[in-house]
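Q: There's a structure below that I have some questions on.
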Amino acid sequence: MSGLVALAVAYVLSQFYRSFLAVLTPQLSAELGADKADLSLASGLWFISFALMQFAVGVGLDRFGPRRTATLIFGLAGGGGAFIFAMAQSPQAIVIAMTLIGIGCSPVLMASLFIFAQRFDGRQFAVMTSWLVAFGNLGNVVGSSPLASAVDAFGWRAVMAGLGGLTVLVAAAILLLVEDPEVDAPGNAGLSGYLTLLKTPVLWPIMIMTLLCYAPVAGIRGLWTGPYLTDLFSADSLLIGKVTLWMAIAMIVGNLIYGPLDKLLNTRKWVVFGGNALVLLALLVFVLQPIPGIGVATVLFIIIGAAGTSYGVVMAHGRAFLPPELVGRGVTLVNFCSIFGAGVMQFVTGQLVATQADSSSPMTYQLLFGSYAVLLLLALLVYLSARDAPPGRAQLPGDNARI
């Protein structure tokens, strides 16, 4: 249990690192000359590096176990990236630091899910995953108003240096406290296991949904709330921190609600579909009225934060069709889709904003929110073809091969 606590604390840091740039937008712009394109690139590379590492992480989990895999990557890359961020003298250094931090955070959640999948009944997987993500979203809370207050008191460099030290300490705790679960010898050793999974048709609608459903909440909370509030409401760091705090709290509540919903309603597919349909509606409101007032905008961010946290249930949906010998690679493949989609959308939205004649105009943000809405709509349409996996039904022989 103490090992899972160490991994949970590491996941709090992982959630912090993917979302804190929004609050630091004014400081990084003023001191380093970082513009929206620089911050979008840095945020996008966090997700892309995190996503690409999932393949190595999956093999590492199946071959070496979560303890060594998480300790080495999180301690060296995560801690090192935070220290580089603290010493940055240019936007390019921020980009490098965020790339390293993304690599460092890549094994943390997957190490926990690997342990869940090996030690607990599959019917508990969605609840445990959702509640772990809810706990991890405390990182989003810390990366909002508390971060703004800490930066105001101590400066952003000192805060980032302290976080780098904390990252290294948590990595040491993982090494000392985590116990690897006993597993059978993995089949399809190495990357060939991923090819086996990609030949499983039943996983494809789930992976496409995962590819696109996390992008809106990740991109808006992690980056675009800052520029949006700055450009359209002349917000400072403290106001940005307050709004993002509400969104972060909503993400915690959303995960806690999502966790038991699949058991309560006896469906995973329609829980995921319904929640993301609410996100789509909130995005369309922003498209129709990009300046709805600070109060209404905050409520819309809260809806996106709460309803956009279907990760635990969609991961459980995919987990239901994974063969036991490929659990590590299976959960990391589905997670790759989630993080890779968010990262690509950071690049796409960054370029979309950069190409506008007036990047701070309401029309720019209509295009921004509209791009998320279009892709989420496509994901929902594809997901309609997904095979449901109610938590009360055991996986049937042949489920891996049919749709």
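Residue names in the structure tokens use chain letters A, B, ... in the order shown, residue numbers from 1 in each chain, and ligand numbers from 1 in the order shown.
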May I have the residues within 8 Å of region 359-376 of chain A as a ChimeraX atom specification, using only C-alpha atoms and disregarding those fewer than 3 positions away in the same chain?
A: /A:212-213,215-216,228,231-232,276,280,283-284,286-291,349,352-356,379-380
Q: If we count only C-alpha atoms and set the cut-off at 9 Å, which residues sit around region 17-32 of chain A, ignoring sequence neighbours fewer than 2 positions away in its own chain? Please answer as JSON, numbers by chain.
A: {"A": [12, 13, 14, 15, 34, 35, 36, 39, 42, 43, 46, 47, 82, 88, 89, 90, 91, 98, 101, 102, 105, 139, 140, 142, 143, 144, 145, 147, 148, 151, 156, 218, 219, 220, 221, 222, 223, 224, 225, 226, 227, 230, 236, 237, 238, 240, 241, 244]}
Q: For each of A:Ala70, A:Cys337, A:Val314, A:Ala158, take the minimum atom-to-atom distance to Ala8 (chain A), counting only C-alpha atoms, then give the residue where this is smallest.
A: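 For Ala8 (chain A), the nearest of the given residues is A:Ala70.
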Q: Between A:Thr200, A:Thr99, A:Ser149, A:Asn137, which has the minimum distance to Leu256 (chain A) (counting only C-alpha atoms)?
A: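 Using only C-alpha atoms, the shortest distance to Leu256 (chain A) belongs to A:Asn137.
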Q: Which one of A:Phe154, A:Tyr383, A:Phe16, A:Trp246 sits closest to Trp270 (chain A) if you count only C-alpha atoms?
A: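 Closest residue, counting only C-alpha atoms: A:Tyr383.
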Q: Quick one: residues within 8 Å of Val168 (chain A), only C-alpha atoms, excluding same-chain residues fewer than 5 positions away - as a ChimeraX atom specification?
A: /A:74-76,78-79
Q: Restricting the output to C-alpha atoms, write the selected residues as a tab-separated table (two decimals), in the first residue's frame.
A:
```
chain	number	residue	atom	x	y	z
A	74	PHE	CA	10.72	9.73	-13.19
A	75	GLY	CA	13.78	10.57	-11.10
A	76	LEU	CA	16.25	11.32	-13.89
A	78	GLY	CA	11.38	14.39	-14.43
A	79	GLY	CA	13.65	15.87	-11.80
```
Q: By how many Å are CA of Ala386 (chain A) and CA of Ile206 (chain A) apart?
A: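 Result for CA of Ala386 (chain A) versus CA of Ile206 (chain A): 6.4 Å, one decimal.
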Q: Write out as a PyMOL selection string each polymer residue whose atoms come within 10 Å of Tyr311 (chain A), counting only C-alpha atoms; drop sequence neighbours fewer than 3 positions from it.
A: chain A and resi 126+129-130+133+210+213-214+255+258-259+272+308+314-317+335+338
Q: Produce a file of the selected residues containing N, CA, C and O atoms, as a PDB file, in the first residue's frame.
A:
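So again_25.pdb came out as:
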```pdb
ATOM      1  N   ALA A 126     -12.060   0.298 -13.171  1.00  0.00           N
ATOM      2  CA  ALA A 126     -12.535   1.653 -13.504  1.00  0.00           C
ATOM      3  C   ALA A 126     -12.605   2.525 -12.262  1.00  0.00           C
ATOM      4  O   ALA A 126     -12.190   3.690 -12.285  1.00  0.00           O
ATOM      5  N   THR A 129      -8.986   3.257 -11.000  1.00  0.00           N
ATOM      6  CA  THR A 129      -8.301   4.166 -11.918  1.00  0.00           C
ATOM      7  C   THR A 129      -8.870   5.576 -11.805  1.00  0.00           C
ATOM      8  O   THR A 129      -8.117   6.560 -11.719  1.00  0.00           O
ATOM      9  N   SER A 130     -10.196   5.694 -11.799  1.00  0.00           N
ATOM     10  CA  SER A 130     -10.824   7.016 -11.720  1.00  0.00           C
ATOM     11  C   SER A 130     -10.467   7.711 -10.410  1.00  0.00           C
ATOM     12  O   SER A 130     -10.205   8.916 -10.391  1.00  0.00           O
ATOM     13  N   VAL A 133      -6.902   8.900 -10.531  1.00  0.00           N
ATOM     14  CA  VAL A 133      -6.814  10.113 -11.346  1.00  0.00           C
ATOM     15  C   VAL A 133      -7.396  11.301 -10.589  1.00  0.00           C
ATOM     16  O   VAL A 133      -6.879  12.421 -10.669  1.00  0.00           O
ATOM     17  N   THR A 210     -10.201   7.452 -27.191  1.00  0.00           N
ATOM     18  CA  THR A 210      -9.169   7.882 -26.253  1.00  0.00           C
ATOM     19  C   THR A 210      -8.238   8.912 -26.886  1.00  0.00           C
ATOM     20  O   THR A 210      -7.776   9.834 -26.215  1.00  0.00           O
ATOM     21  N   CYS A 213     -10.682  12.307 -26.921  1.00  0.00           N
ATOM     22  CA  CYS A 213     -11.557  12.824 -25.859  1.00  0.00           C
ATOM     23  C   CYS A 213     -10.800  13.549 -24.747  1.00  0.00           C
ATOM     24  O   CYS A 213     -11.380  14.380 -24.044  1.00  0.00           O
ATOM     25  N   TYR A 214      -9.514  13.241 -24.566  1.00  0.00           N
ATOM     26  CA  TYR A 214      -8.753  13.907 -23.504  1.00  0.00           C
ATOM     27  C   TYR A 214      -8.193  15.256 -23.962  1.00  0.00           C
ATOM     28  O   TYR A 214      -7.885  16.124 -23.148  1.00  0.00           O
ATOM     29  N   ASN A 255     -13.847  12.815 -11.802  1.00  0.00           N
ATOM     30  CA  ASN A 255     -13.260  11.480 -11.695  1.00  0.00           C
ATOM     31  C   ASN A 255     -13.932  10.660 -10.609  1.00  0.00           C
ATOM     32  O   ASN A 255     -14.158   9.452 -10.769  1.00  0.00           O
ATOM     33  N   TYR A 258     -17.297   9.606 -12.119  1.00  0.00           N
ATOM     34  CA  TYR A 258     -17.153   8.636 -13.197  1.00  0.00           C
ATOM     35  C   TYR A 258     -16.846   7.239 -12.650  1.00  0.00           C
ATOM     36  O   TYR A 258     -17.316   6.232 -13.185  1.00  0.00           O
ATOM     37  N   GLY A 259     -16.031   7.157 -11.598  1.00  0.00           N
ATOM     38  CA  GLY A 259     -15.562   5.870 -11.096  1.00  0.00           C
ATOM     39  C   GLY A 259     -16.650   4.826 -10.931  1.00  0.00           C
ATOM     40  O   GLY A 259     -16.566   3.739 -11.513  1.00  0.00           O
ATOM     41  N   VAL A 272     -19.054   6.884 -21.045  1.00  0.00           N
ATOM     42  CA  VAL A 272     -18.047   7.679 -21.759  1.00  0.00           C
ATOM     43  C   VAL A 272     -18.707   8.574 -22.801  1.00  0.00           C
ATOM     44  O   VAL A 272     -18.381   9.765 -22.919  1.00  0.00           O
ATOM     45  N   GLY A 308     -15.126  15.987 -18.807  1.00  0.00           N
ATOM     46  CA  GLY A 308     -14.033  15.542 -19.671  1.00  0.00           C
ATOM     47  C   GLY A 308     -13.075  14.569 -19.018  1.00  0.00           C
ATOM     48  O   GLY A 308     -12.039  14.244 -19.596  1.00  0.00           O
ATOM     49  N   VAL A 314     -12.881   4.835 -19.816  1.00  0.00           N
ATOM     50  CA  VAL A 314     -12.474   4.423 -21.158  1.00  0.00           C
ATOM     51  C   VAL A 314     -11.256   3.497 -21.089  1.00  0.00           C
ATOM     52  O   VAL A 314     -11.114   2.563 -21.890  1.00  0.00           O
ATOM     53  N   MET A 315     -10.380   3.706 -20.098  1.00  0.00           N
ATOM     54  CA  MET A 315      -9.272   2.764 -19.898  1.00  0.00           C
ATOM     55  C   MET A 315      -9.806   1.399 -19.483  1.00  0.00           C
ATOM     56  O   MET A 315      -9.313   0.354 -19.948  1.00  0.00           O
ATOM     57  N   ALA A 316     -10.798   1.367 -18.595  1.00  0.00           N
ATOM     58  CA  ALA A 316     -11.407   0.096 -18.196  1.00  0.00           C
ATOM     59  C   ALA A 316     -12.087  -0.572 -19.383  1.00  0.00           C
ATOM     60  O   ALA A 316     -12.082  -1.803 -19.500  1.00  0.00           O
ATOM     61  N   HIS A 317     -12.674   0.231 -20.257  1.00  0.00           N
ATOM     62  CA  HIS A 317     -13.309  -0.308 -21.466  1.00  0.00           C
ATOM     63  C   HIS A 317     -12.275  -1.043 -22.314  1.00  0.00           C
ATOM     64  O   HIS A 317     -12.488  -2.173 -22.766  1.00  0.00           O
ATOM     65  N   ASN A 335      -3.173   4.368 -23.307  1.00  0.00           N
ATOM     66  CA  ASN A 335      -2.733   5.640 -22.739  1.00  0.00           C
ATOM     67  C   ASN A 335      -1.956   6.470 -23.749  1.00  0.00           C
ATOM     68  O   ASN A 335      -2.053   7.701 -23.769  1.00  0.00           O
ATOM     69  N   SER A 338      -4.318   8.491 -25.677  1.00  0.00           N
ATOM     70  CA  SER A 338      -4.825   9.625 -24.901  1.00  0.00           C
ATOM     71  C   SER A 338      -3.848  10.789 -24.905  1.00  0.00           C
ATOM     72  O   SER A 338      -4.208  11.931 -25.213  1.00  0.00           O
TER      73      SER A 338
END
```
Q: How many Å lie between CA of Gly162 (chain A) and CA of Phe347 (chain A), rounded to one decimal?
A: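 Separation between CA of Gly162 (chain A) and CA of Phe347 (chain A): 29.0 Å.
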Q: Run DSSP on the backbone of this structure and report the residues of region 211-338 of chain A it assigns to alpha helix (DSSP H), as a PyMOL selection string.
A: chain A and resi 211-213+215-219+225-233+237-265+269-288+294-307+311-319+327-338
Q: Determine the nearest neighbour of Val243 (chain A) from the options A:Trp131, A:Phe301, A:Phe125, A:Phe116, counting only C-alpha atoms.
A: A:Phe301
Q: Please measure the separation of CA of Pro107 (chain A) and CA of Ile339 (chain A), giving the value in Å to one decimal.
A: 12.3 Å
Q: May I have the residues within 10 Å of Leu265 (chain A) as a list in words, using only C-alpha atoms and disregarding those fewer than 5 positions away in the same chain?
A: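 Counting only the stated atoms, we get Pro260, Trp270, Val271, Pro390 and Pro391 of chain A.
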Q: Which residues are near Ala93 (chain A)? Cut-off 9 Å, only C-alpha atoms, ignore same chain within fewer than 6 positions. Put them as a VMD selection string.
A: chain A and resid 84 to 85 87
Q: Residues at most 12 Å from Gln118 (chain A), counting only C-alpha atoms, excluding those fewer than 2 positions away in the same chain, as a PyMOL selection string?
A: chain A and resi 61-62+65-66+111-116+120-122+124-125+180-184+319+323-328+331
